[in-house]
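Data from my_file.tsv: TSV, C-alpha atoms and all ligand atoms
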chain	number	residue	atom	x	y	z
A	3	MET	CA	-54.86	1.10	-2.34
A	4	ARG	CA	-55.11	-1.77	-4.78
A	5	ILE	CA	-52.04	-3.95	-5.16
A	6	ALA	CA	-51.61	-6.23	-8.15
A	7	LEU	CA	-49.30	-9.01	-9.23
A	8	ALA	CA	-47.59	-7.78	-12.42
A	9	PRO	CA	-47.51	-10.07	-15.45
A	10	MET	CA	-44.38	-12.21	-15.68
A	11	ALA	CA	-43.95	-14.77	-18.46
A	12	GLY	CA	-42.86	-18.10	-17.03
A	13	TYR	CA	-44.03	-17.22	-13.52
A	14	THR	CA	-47.51	-15.70	-13.16
A	15	ASP	CA	-49.42	-18.84	-14.00
A	16	SER	CA	-52.51	-20.07	-12.22
A	17	VAL	CA	-50.52	-21.60	-9.33
A	18	PHE	CA	-48.51	-18.51	-8.51
A	19	ARG	CA	-51.44	-16.15	-8.97
A	20	ARG	CA	-53.46	-18.18	-6.47
A	21	ILE	CA	-50.66	-17.94	-3.91
A	22	CYS	CA	-50.41	-14.18	-4.39
A	23	GLY	CA	-54.17	-13.84	-4.10
A	24	GLU	CA	-54.11	-15.70	-0.79
A	25	MET	CA	-51.45	-13.25	0.37
A	26	GLY	CA	-53.64	-10.27	-0.48
A	27	ALA	CA	-53.05	-9.33	-4.13
A	28	ASP	CA	-56.22	-7.59	-5.29
A	29	TYR	CA	-55.81	-8.88	-8.82
A	30	ALA	CA	-53.20	-10.61	-10.93
A	31	VAL	CA	-52.17	-10.37	-14.56
A	32	SER	CA	-51.48	-13.50	-16.62
A	33	GLU	CA	-48.35	-14.27	-18.57
A	34	MET	CA	-48.42	-12.54	-21.94
A	35	ILE	CA	-50.48	-14.32	-24.58
A	36	SER	CA	-49.80	-13.99	-28.31
A	37	ALA	CA	-52.91	-12.69	-30.06
A	38	ALA	CA	-51.76	-14.24	-33.34
A	39	ALA	CA	-51.17	-17.67	-31.80
A	40	LEU	CA	-54.50	-17.59	-29.97
A	41	VAL	CA	-56.36	-16.74	-33.15
A	42	MET	CA	-54.53	-19.67	-34.82
A	43	LYS	CA	-56.05	-21.83	-32.04
A	44	ASP	CA	-52.64	-22.85	-30.72
A	45	ARG	CA	-53.20	-25.19	-27.73
A	46	LYS	CA	-50.07	-24.20	-25.81
A	47	THR	CA	-51.14	-20.57	-26.01
A	48	ALA	CA	-54.59	-21.45	-24.70
A	49	GLU	CA	-52.92	-22.98	-21.62
A	50	LEU	CA	-51.50	-19.57	-20.73
A	51	ALA	CA	-55.04	-18.23	-20.40
A	52	LYS	CA	-56.18	-20.88	-17.95
A	53	ILE	CA	-57.83	-19.48	-14.80
A	54	GLY	CA	-57.93	-21.93	-11.90
A	55	GLU	CA	-59.90	-22.31	-8.68
A	56	GLY	CA	-59.14	-19.92	-5.84
A	57	GLU	CA	-57.41	-17.24	-7.86
A	58	PRO	CA	-57.85	-13.51	-7.29
A	59	PRO	CA	-59.47	-11.65	-10.22
A	60	VAL	CA	-57.31	-12.42	-13.26
A	61	VAL	CA	-56.61	-9.97	-16.07
A	62	LEU	CA	-55.46	-11.74	-19.25
A	63	GLN	CA	-52.66	-10.01	-21.12
A	64	LEU	CA	-52.38	-9.97	-24.92
A	65	PHE	CA	-49.49	-8.93	-27.10
A	66	GLY	CA	-49.56	-8.15	-30.80
A	67	HIS	CA	-49.67	-5.15	-33.10
A	68	ASP	CA	-52.57	-5.68	-35.46
A	69	PRO	CA	-55.73	-3.94	-34.21
A	70	ALA	CA	-58.17	-6.37	-35.85
A	71	LEU	CA	-56.24	-9.43	-34.70
A	72	MET	CA	-55.94	-8.07	-31.17
A	73	ALA	CA	-59.69	-7.44	-31.09
A	74	GLU	CA	-60.36	-10.94	-32.37
A	75	ALA	CA	-58.09	-12.44	-29.71
A	76	ALA	CA	-59.79	-10.37	-26.99
A	77	GLU	CA	-63.15	-11.62	-28.22
A	78	LEU	CA	-61.91	-15.23	-28.00
A	79	LEU	CA	-60.58	-14.73	-24.49
A	80	LEU	CA	-63.75	-13.05	-23.26
A	81	SER	CA	-66.18	-15.42	-24.96
A	82	GLY	CA	-64.13	-18.48	-24.01
A	83	ASP	CA	-64.80	-19.78	-27.49
A	84	TYR	CA	-61.42	-21.37	-28.24
A	85	PRO	CA	-60.06	-24.91	-27.92
A	86	GLY	CA	-58.61	-25.66	-24.51
A	87	CYS	CA	-60.34	-22.77	-22.72
A	88	SER	CA	-60.48	-23.42	-18.99
A	89	TYR	CA	-61.85	-20.76	-16.64
A	90	ALA	CA	-62.87	-21.43	-13.04
A	91	SER	CA	-64.04	-17.81	-13.07
A	92	PRO	CA	-64.33	-15.39	-15.99
A	93	PRO	CA	-61.45	-13.04	-16.88
A	94	ALA	CA	-61.58	-9.79	-14.92
A	95	GLY	CA	-60.29	-7.78	-17.85
A	96	ILE	CA	-57.88	-7.60	-20.75
A	97	ASP	CA	-54.46	-5.99	-20.60
A	98	ILE	CA	-52.42	-5.00	-23.64
A	99	ASN	CA	-48.66	-5.42	-23.46
A	100	MET	CA	-46.96	-2.31	-24.79
A	101	GLY	CA	-43.91	-2.62	-22.59
A	102	CYS	CA	-42.09	-5.86	-23.32
A	103	PRO	CA	-38.48	-4.94	-24.22
A	104	VAL	CA	-37.30	-8.36	-25.50
A	105	ARG	CA	-35.72	-8.18	-28.96
A	106	LYS	CA	-37.74	-11.10	-30.37
A	107	ILE	CA	-40.95	-9.26	-29.43
A	108	VAL	CA	-40.06	-5.69	-30.43
A	109	SER	CA	-38.51	-6.76	-33.73
A	110	ASN	CA	-41.98	-7.99	-34.63
A	111	GLY	CA	-43.50	-4.60	-33.81
A	112	ASP	CA	-45.01	-5.85	-30.52
A	113	GLY	CA	-44.50	-4.89	-26.86
A	114	SER	CA	-42.59	-1.67	-26.29
A	115	ALA	CA	-42.12	-1.17	-30.07
A	116	LEU	CA	-45.66	0.23	-29.92
A	117	MET	CA	-44.36	3.15	-27.88
A	118	LEU	CA	-42.68	4.32	-31.09
A	119	ASP	CA	-46.05	4.49	-32.83
A	120	PRO	CA	-48.66	6.11	-30.56
A	121	PRO	CA	-51.34	6.34	-33.32
A	122	LEU	CA	-51.10	2.56	-33.85
A	123	ALA	CA	-51.15	1.99	-30.09
A	124	ALA	CA	-54.32	4.09	-29.92
A	125	ARG	CA	-55.95	2.13	-32.76
A	126	ILE	CA	-55.18	-1.16	-31.01
A	127	THR	CA	-56.55	0.22	-27.75
A	128	ALA	CA	-59.76	1.40	-29.42
A	129	ALA	CA	-60.27	-1.92	-31.23
A	130	VAL	CA	-59.83	-4.00	-28.07
A	131	LYS	CA	-61.86	-1.53	-26.02
A	132	GLU	CA	-64.84	-2.05	-28.28
A	133	VAL	CA	-64.77	-5.77	-27.43
A	134	CYS	CA	-64.20	-5.17	-23.71
A	135	ALA	CA	-67.02	-2.63	-23.50
A	136	ARG	CA	-69.41	-5.02	-25.24
A	137	ARG	CA	-68.38	-7.82	-22.87
A	138	GLY	CA	-68.52	-5.55	-19.81
A	139	VAL	CA	-64.91	-5.82	-18.63
A	140	PRO	CA	-62.24	-3.14	-18.25
A	141	LEU	CA	-59.30	-2.70	-20.59
A	142	SER	CA	-55.85	-1.86	-19.33
A	143	VAL	CA	-52.68	-0.96	-21.20
A	144	LYS	CA	-49.20	-1.54	-19.78
A	145	PHE	CA	-46.26	0.47	-21.08
A	146	ARG	CA	-42.93	1.94	-20.12
A	147	MET	CA	-41.56	5.46	-19.67
A	148	GLY	CA	-40.68	5.45	-23.36
A	149	TRP	CA	-38.31	3.81	-25.79
A	150	ASP	CA	-35.16	5.67	-24.76
A	151	SER	CA	-36.59	8.84	-23.20
A	152	LEU	CA	-39.70	9.97	-21.34
A	153	THR	CA	-42.56	9.91	-23.85
A	154	ALA	CA	-45.07	8.18	-21.56
A	155	PRO	CA	-47.13	11.31	-20.76
A	156	ASP	CA	-48.17	11.81	-24.41
A	157	PHE	CA	-48.49	8.07	-24.88
A	158	ALA	CA	-50.77	7.84	-21.82
A	159	ARG	CA	-52.96	10.60	-23.26
A	160	ALA	CA	-53.25	8.67	-26.52
A	161	VAL	CA	-54.29	5.35	-24.98
A	162	VAL	CA	-56.58	6.94	-22.40
A	163	SER	CA	-58.34	8.92	-25.15
A	164	ALA	CA	-58.70	5.65	-27.05
A	165	GLY	CA	-60.52	4.09	-24.09
A	166	ALA	CA	-58.06	2.51	-21.64
A	167	ASP	CA	-59.77	2.05	-18.27
A	168	ARG	CA	-56.44	1.50	-16.57
A	169	ILE	CA	-52.86	2.36	-17.47
A	170	THR	CA	-49.93	0.56	-15.89
A	171	LEU	CA	-46.61	2.36	-16.08
A	172	HIS	CA	-43.34	0.47	-15.67
A	173	CYS	CA	-41.00	3.27	-14.70
A	174	ARG	CA	-38.09	2.32	-16.94
A	175	THR	CA	-37.47	2.92	-20.64
A	176	ARG	CA	-37.19	0.10	-23.15
A	177	GLU	CA	-33.50	0.79	-23.42
A	178	GLN	CA	-33.07	0.28	-19.67
A	179	MET	CA	-34.68	-3.17	-19.88
A	180	TYR	CA	-34.84	-4.20	-16.18
A	181	MET	CA	-31.93	-2.08	-14.88
A	182	PRO	CA	-31.13	0.47	-13.46
A	183	SER	CA	-33.57	1.41	-10.69
A	184	ALA	CA	-37.09	2.36	-11.67
A	185	ASP	CA	-37.94	6.06	-11.50
A	186	PRO	CA	-41.33	6.62	-9.83
A	187	SER	CA	-41.13	10.35	-10.57
A	188	ALA	CA	-42.03	9.43	-14.17
A	189	ALA	CA	-45.42	8.44	-12.75
A	190	GLY	CA	-45.82	12.06	-11.64
A	191	ALA	CA	-45.33	13.25	-15.23
A	192	VAL	CA	-47.88	10.74	-16.53
A	193	PHE	CA	-50.30	11.70	-13.76
A	194	ALA	CA	-50.07	15.34	-14.80
A	195	ALA	CA	-50.91	14.37	-18.39
A	196	VAL	CA	-54.07	12.42	-17.56
A	197	LYS	CA	-54.93	13.93	-14.21
A	198	GLU	CA	-58.55	14.70	-15.05
A	199	GLU	CA	-59.29	11.15	-16.13
A	200	ILE	CA	-57.56	9.68	-13.06
A	201	LEU	CA	-59.11	12.04	-10.52
A	202	GLY	CA	-62.49	11.74	-12.25
A	203	GLY	CA	-62.36	7.96	-11.79
A	204	LYS	CA	-62.39	7.27	-15.53
A	205	THR	CA	-58.92	5.73	-15.55
A	206	ALA	CA	-57.06	3.80	-12.88
A	207	PHE	CA	-53.33	4.44	-12.72
A	208	CYS	CA	-51.05	1.60	-11.67
A	209	GLY	CA	-47.37	2.20	-10.91
A	210	ASN	CA	-44.76	-0.50	-11.36
A	211	GLY	CA	-41.04	-0.98	-10.89
A	212	ASP	CA	-38.91	-2.11	-7.93
A	213	ILE	CA	-41.73	-2.28	-5.40
A	214	ASP	CA	-40.34	-4.45	-2.62
A	215	CYS	CA	-41.57	-2.72	0.55
A	216	PRO	CA	-44.33	-0.31	1.66
A	217	GLU	CA	-42.02	2.71	1.27
A	218	ALA	CA	-41.32	1.80	-2.36
A	219	ALA	CA	-45.06	1.52	-3.07
A	220	GLU	CA	-45.63	4.87	-1.36
A	221	ARG	CA	-43.32	6.56	-3.87
A	222	TYR	CA	-45.84	5.63	-6.58
A	223	PHE	CA	-48.86	6.75	-4.59
A	224	ILE	CA	-47.35	10.17	-3.92
A	225	ASN	CA	-46.81	10.48	-7.68
A	226	GLY	CA	-50.50	10.03	-8.40
A	227	CYS	CA	-50.85	6.26	-8.80
A	228	THR	CA	-54.09	4.74	-7.57
A	229	GLU	CA	-52.71	1.19	-7.68
A	230	ALA	CA	-49.32	-0.51	-7.61
A	231	ALA	CA	-48.11	-3.69	-9.30
A	232	VAL	CA	-45.40	-5.90	-7.86
A	233	GLY	CA	-43.16	-7.89	-10.17
A	234	ARG	CA	-39.90	-9.63	-9.31
A	235	ALA	CA	-40.01	-8.93	-5.59
A	236	ALA	CA	-43.05	-11.21	-5.31
A	237	LEU	CA	-41.30	-14.15	-6.96
A	238	GLY	CA	-39.55	-15.29	-3.79
A	239	ASN	CA	-41.69	-13.31	-1.39
A	240	PRO	CA	-45.43	-13.42	-2.03
A	241	TRP	CA	-45.85	-12.42	1.64
A	242	LEU	CA	-45.00	-8.95	0.34
A	243	PHE	CA	-48.66	-8.49	-0.58
A	244	ARG	CA	-49.60	-8.98	3.09
A	245	GLN	CA	-46.95	-6.49	4.09
A	246	LEU	CA	-48.10	-3.90	1.55
A	247	LYS	CA	-51.71	-4.29	2.64
A	248	ASP	CA	-50.97	-4.05	6.36
A	249	PRO	CA	-47.44	-2.77	7.03
A	250	ALA	CA	-47.97	-2.28	10.75
A	251	GLY	CA	-49.47	-5.70	11.41
A	252	PHE	CA	-47.13	-7.65	9.18
A	253	VAL	CA	-45.25	-10.60	10.66
A	254	PRO	CA	-42.56	-12.02	8.33
A	255	PRO	CA	-42.80	-15.75	7.62
A	256	GLY	CA	-40.51	-18.19	9.40
A	257	LYS	CA	-38.52	-20.77	7.46
A	258	ASP	CA	-41.10	-23.51	8.20
A	259	GLU	CA	-43.76	-21.40	6.53
A	260	ILE	CA	-41.49	-20.65	3.58
A	261	ARG	CA	-40.60	-24.33	3.17
A	262	ALA	CA	-44.25	-25.40	3.33
A	263	LEU	CA	-45.26	-22.83	0.73
A	264	VAL	CA	-42.48	-23.74	-1.70
A	265	ILE	CA	-43.34	-27.44	-1.41
A	266	ARG	CA	-47.02	-26.72	-1.98
A	267	MET	CA	-46.17	-24.55	-4.96
A	268	VAL	CA	-44.01	-27.25	-6.55
A	269	GLU	CA	-46.67	-29.92	-5.96
A	270	ASP	CA	-49.31	-27.68	-7.54
A	271	VAL	CA	-47.14	-26.85	-10.56
A	272	VAL	CA	-46.48	-30.57	-11.10
A	273	ARG	CA	-50.19	-31.33	-10.78
A	274	GLU	CA	-50.96	-28.65	-13.39
A	275	LYS	CA	-48.15	-29.28	-15.85
A	276	GLY	CA	-46.97	-32.83	-15.30
A	277	GLU	CA	-43.83	-34.02	-13.52
A	278	ILE	CA	-41.16	-33.36	-16.15
A	279	ARG	CA	-42.20	-29.85	-17.01
A	280	GLY	CA	-43.41	-29.03	-13.49
A	281	VAL	CA	-40.09	-29.97	-11.87
A	282	ARG	CA	-38.11	-28.15	-14.55
A	283	GLU	CA	-40.13	-24.95	-14.10
A	284	SER	CA	-39.97	-25.23	-10.33
A	285	ARG	CA	-36.17	-24.98	-10.25
A	286	SER	CA	-36.03	-21.27	-11.00
A	287	ARG	CA	-39.18	-20.59	-8.97
A	288	ALA	CA	-37.85	-22.29	-5.85
A	289	ALA	CA	-34.51	-20.52	-6.30
A	290	TYR	CA	-36.21	-17.16	-5.73
A	291	PHE	CA	-37.51	-18.32	-2.35
A	292	ILE	CA	-34.17	-19.53	-1.03
A	293	ARG	CA	-32.03	-16.69	-2.35
A	294	GLY	CA	-29.83	-15.22	0.34
A	295	LEU	CA	-30.42	-17.99	2.88
A	296	ARG	CA	-27.40	-19.77	4.35
A	297	GLY	CA	-26.71	-22.89	2.28
A	298	SER	CA	-28.92	-21.74	-0.59
A	299	ALA	CA	-26.24	-22.18	-3.28
A	300	ALA	CA	-25.84	-25.89	-2.45
A	301	LEU	CA	-29.60	-26.39	-2.28
A	302	ARG	CA	-30.11	-24.64	-5.61
A	303	ASP	CA	-27.47	-26.82	-7.18
A	304	SER	CA	-29.12	-30.02	-5.89
A	305	LEU	CA	-32.56	-28.84	-7.02
A	306	ASN	CA	-31.15	-28.29	-10.50
A	307	HIS	CA	-30.30	-32.00	-10.61
A	308	ALA	CA	-33.61	-33.27	-9.20
A	309	ASP	CA	-35.81	-34.82	-11.86
A	310	THR	CA	-38.76	-36.08	-9.87
A	311	LEU	CA	-41.23	-34.43	-7.55
A	312	SER	CA	-40.30	-36.72	-4.67
A	313	ASP	CA	-36.58	-35.88	-5.02
A	314	PHE	CA	-37.41	-32.18	-5.23
A	315	VAL	CA	-39.57	-32.26	-2.12
A	316	ARG	CA	-37.05	-34.41	-0.21
A	317	LEU	CA	-34.32	-31.86	-0.92
A	318	LEU	CA	-36.47	-28.93	0.18
A	319	ASP	CA	-37.65	-30.80	3.24
A	320	GLY	CA	-34.18	-31.83	4.33
A	321	SER	CA	-32.35	-28.61	3.64
A	322	GLU	CA	-30.74	-26.67	6.47
A	323	ALA	CA	-31.36	-23.49	4.43
A	324	LEU	CA	-35.07	-23.88	5.12
A	325	ARG	CA	-34.85	-24.79	8.82
A	326	ASP	CA	-35.20	-22.29	11.64
A	401	LIG	C1	-39.31	-12.90	-15.91
A	401	LIG	C2	-40.17	-11.71	-16.27
A	401	LIG	C3	-41.21	-11.87	-17.15
A	401	LIG	C4	-42.00	-10.77	-17.51
A	401	LIG	N1	-43.06	-10.96	-18.35
A	401	LIG	C5	-43.88	-9.92	-18.63
A	401	LIG	C6	-45.05	-10.12	-19.42
A	401	LIG	O1	-45.37	-11.24	-19.84
A	401	LIG	N2	-45.82	-9.02	-19.68
A	401	LIG	C7	-45.51	-7.76	-19.20
A	401	LIG	O2	-46.23	-6.81	-19.46
A	401	LIG	N3	-44.42	-7.57	-18.43
A	401	LIG	C8	-43.62	-8.62	-18.12
A	401	LIG	N4	-42.57	-8.42	-17.29
A	401	LIG	C9	-42.35	-7.09	-16.68
A	401	LIG	C10	-43.00	-7.01	-15.29
A	401	LIG	O3	-44.41	-7.08	-15.39
A	401	LIG	C11	-42.64	-5.67	-14.62
A	401	LIG	O4	-43.10	-4.62	-15.40
A	401	LIG	C12	-41.13	-5.50	-14.42
A	401	LIG	O5	-40.53	-6.69	-13.93
A	401	LIG	C13	-40.85	-4.33	-13.45
A	401	LIG	O6	-41.41	-4.57	-12.20
A	401	LIG	P1	-40.48	-5.08	-10.96
A	401	LIG	O7	-39.32	-4.12	-10.88
A	401	LIG	O8	-41.39	-5.05	-9.78
A	401	LIG	O9	-40.00	-6.46	-11.32
A	401	LIG	C14	-41.74	-9.50	-16.95
A	401	LIG	C15	-40.69	-9.36	-16.06
A	401	LIG	C16	-39.90	-10.44	-15.71
A	401	LIG	C17	-38.78	-10.23	-14.73
Show how you would write the structure in this file as structure tokens.
Amino acid sequence: MRIALAPMAGYTDSVFRRICGEMGADYAVSEMISAAALVMKDRKTAELAKIGEGEPPVVLQLFGHDPALMAEAAELLLSGDYPGCSYASPPAGIDINMGCPVRKIVSNGDGSALMLDPPLAARITAAVKEVCARRGVPLSVKFRMGWDSLTAPDFARAVVSAGADRITLHCRTREQMYMPSADPSAAGAVFAAVKEEILGGKTAFCGNGDIDCPEAAERYFINGCTEAAVGRAALGNPWLFRQLKDPAGFVPPGKDEIRALVIRMVEDVVREKGEIRGVRESRSRAAYFIRGLRGSAALRDSLNHADTLSDFVRLLDGSEALRD
């Protein structure tokens, strides 16, 4: 079964995607990219689409609500014809964000607000699909169970009919945001709605929500998913991809391995983004890796006060929390 790294703004950049690819992720989805900002040639937005050396296949995710603008942005991403474009390998596909629950996004009609307007969602899908088909890459659409109730089966039918080659279902409603637990049985209802397309190989079906062990992934596969996407559980534990790929042979990492990986990650982020921004971003990223370890609260606190790469690495290197 294919296992993906789910898109996470602020986290699934080139550095983290490479790490997850090395651990076995079959593909990874970028942070969400504003179609409007990309079309305006915004440099910061272009950075989000960077694909570096050594990454697994990378699907670039767009958000927006205007079909023509979304198609134009997809064309820019796939042609690479925008300022600041940097691809070590070409994008493996385009994903459309129809699941983001954040108020700033939905109040603009983007993200999960599109679940309230399936005909518009279908028009966006069809417009972007035309570009993807011409450029020879698949189109995926990521959405939730619904706004405040289960409407995903009809919604899935609409976007699949409009040409989605993959659907990714986050098994929570918009109202639930990121709590409570995801409900993989919703995947069963979506599977029933687009069974022919999934079984016929026309559409891949990716399940998402609370996958943190092989048993959790299995709950999606028994509900008809052909793929699974891991979100938050990967943030401090990219080894999870190894475990999901080979549960029986999996050996958990020791603290030396964890420490070495976090240090490498921080160094790579600083190399990519510069010291000030790299260190700042690394604080929350490193915190995921040390969560639950003895002494992690003190280490997290010190990391929050480290301003340079050398201080950051010294703290990680010297911490009891990361010693066997
Ligand atoms: C910090 C954070 C950022 C996220 N950013 C995005 C995003 O840019 N695009 C998107 O489609 N989903 C985004 N998501 C949602 C995740 O892709 C995923 O659907 C959600 O976290 C549920 O999966 P999980 O329970 O495995 O974390 C984000 C989630 C988190 C926690």
Once you count all atoms listed in the file, what closest atom pair and distance in Å to one decimal does each residue of chain A within 6 Å of ligand LIG 401 (chain A) have, with rows by chain and rising residue number, as a tab-separated table?
residue	atom	partner	partner_atom	distance
A:Ala8	CA	A:LIG401	O3	4.4
A:Pro9	CA	A:LIG401	O3	4.3
A:Met10	CA	A:LIG401	N1	3.2
A:Ala11	CA	A:LIG401	N1	3.9
A:Glu33	CA	A:LIG401	O1	4.4
A:Met34	CA	A:LIG401	O1	3.9
A:Asn99	CA	A:LIG401	O2	4.9
A:Gly101	CA	A:LIG401	O2	5.7
A:Cys102	CA	A:LIG401	N3	5.7
A:His172	CA	A:LIG401	O4	5.1
A:Asn210	CA	A:LIG401	O6	5.3
A:Gly211	CA	A:LIG401	O7	3.6
A:Asp212	CA	A:LIG401	O7	3.6
A:Ile213	CA	A:LIG401	O8	5.2
A:Val232	CA	A:LIG401	O8	4.5
A:Gly233	CA	A:LIG401	O8	3.4
A:Arg234	CA	A:LIG401	O9	3.8
A:Ala235	CA	A:LIG401	O8	5.9
Item to check | Given all atoms listed in the file as the counted atoms, nearest of A:Ala194, A:Leu64, A:Ala115, A:Ala166 to Ser142 (chain A) | outcome: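 Smallest separation from Ser142 (chain A) among the options: A:Ala166.
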Next on the checklist: Residues within 12 Å of region 307-313 of chain A, please, as a PyMOL selection string. Count only C-alpha atoms; anything in the same chain fewer than 2 positions from it doesn't count.
Outcome noted: chain A and resi 265-273+275-285+300-305+315-320
Item to check | region 18-21 of chain A surroundings by only C-alpha atoms, 12 Å radius, close-in-sequence under 5 positions cut, as a PyMOL selection string | outcome: chain A and resi 6-13+26-33+52-62+90+232-233+236-244+263-264+266-271+274+283-284+287-288
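Considering the residues A:Met100, A:Leu295, A:Ala191, A:Ala48 and counting all atoms listed in the file, Asp83 (chain A) has its shortest atom-to-atom contact with A:Ala48.
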Item to check | Surrounding residues of Leu152 (chain A) excluding itself and chain neighbours under 2 positions, 10 Å, all atoms listed in the file, as a PyMOL selection string | outcome: chain A and resi 146-150+154-157+173-175+188+191-192
Item to check | Polymer residues at most 12 Å from Lys46 (chain A), only C-alpha atoms, same-chain spacing of 4 or more positions, as a PyMOL selection string | outcome: chain A and resi 35-36+39-40+42+50-52+84-87+275
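Going from CA of Cys215 (chain A) over to CA of Lys197 (chain A), you cover 26.0 Å.
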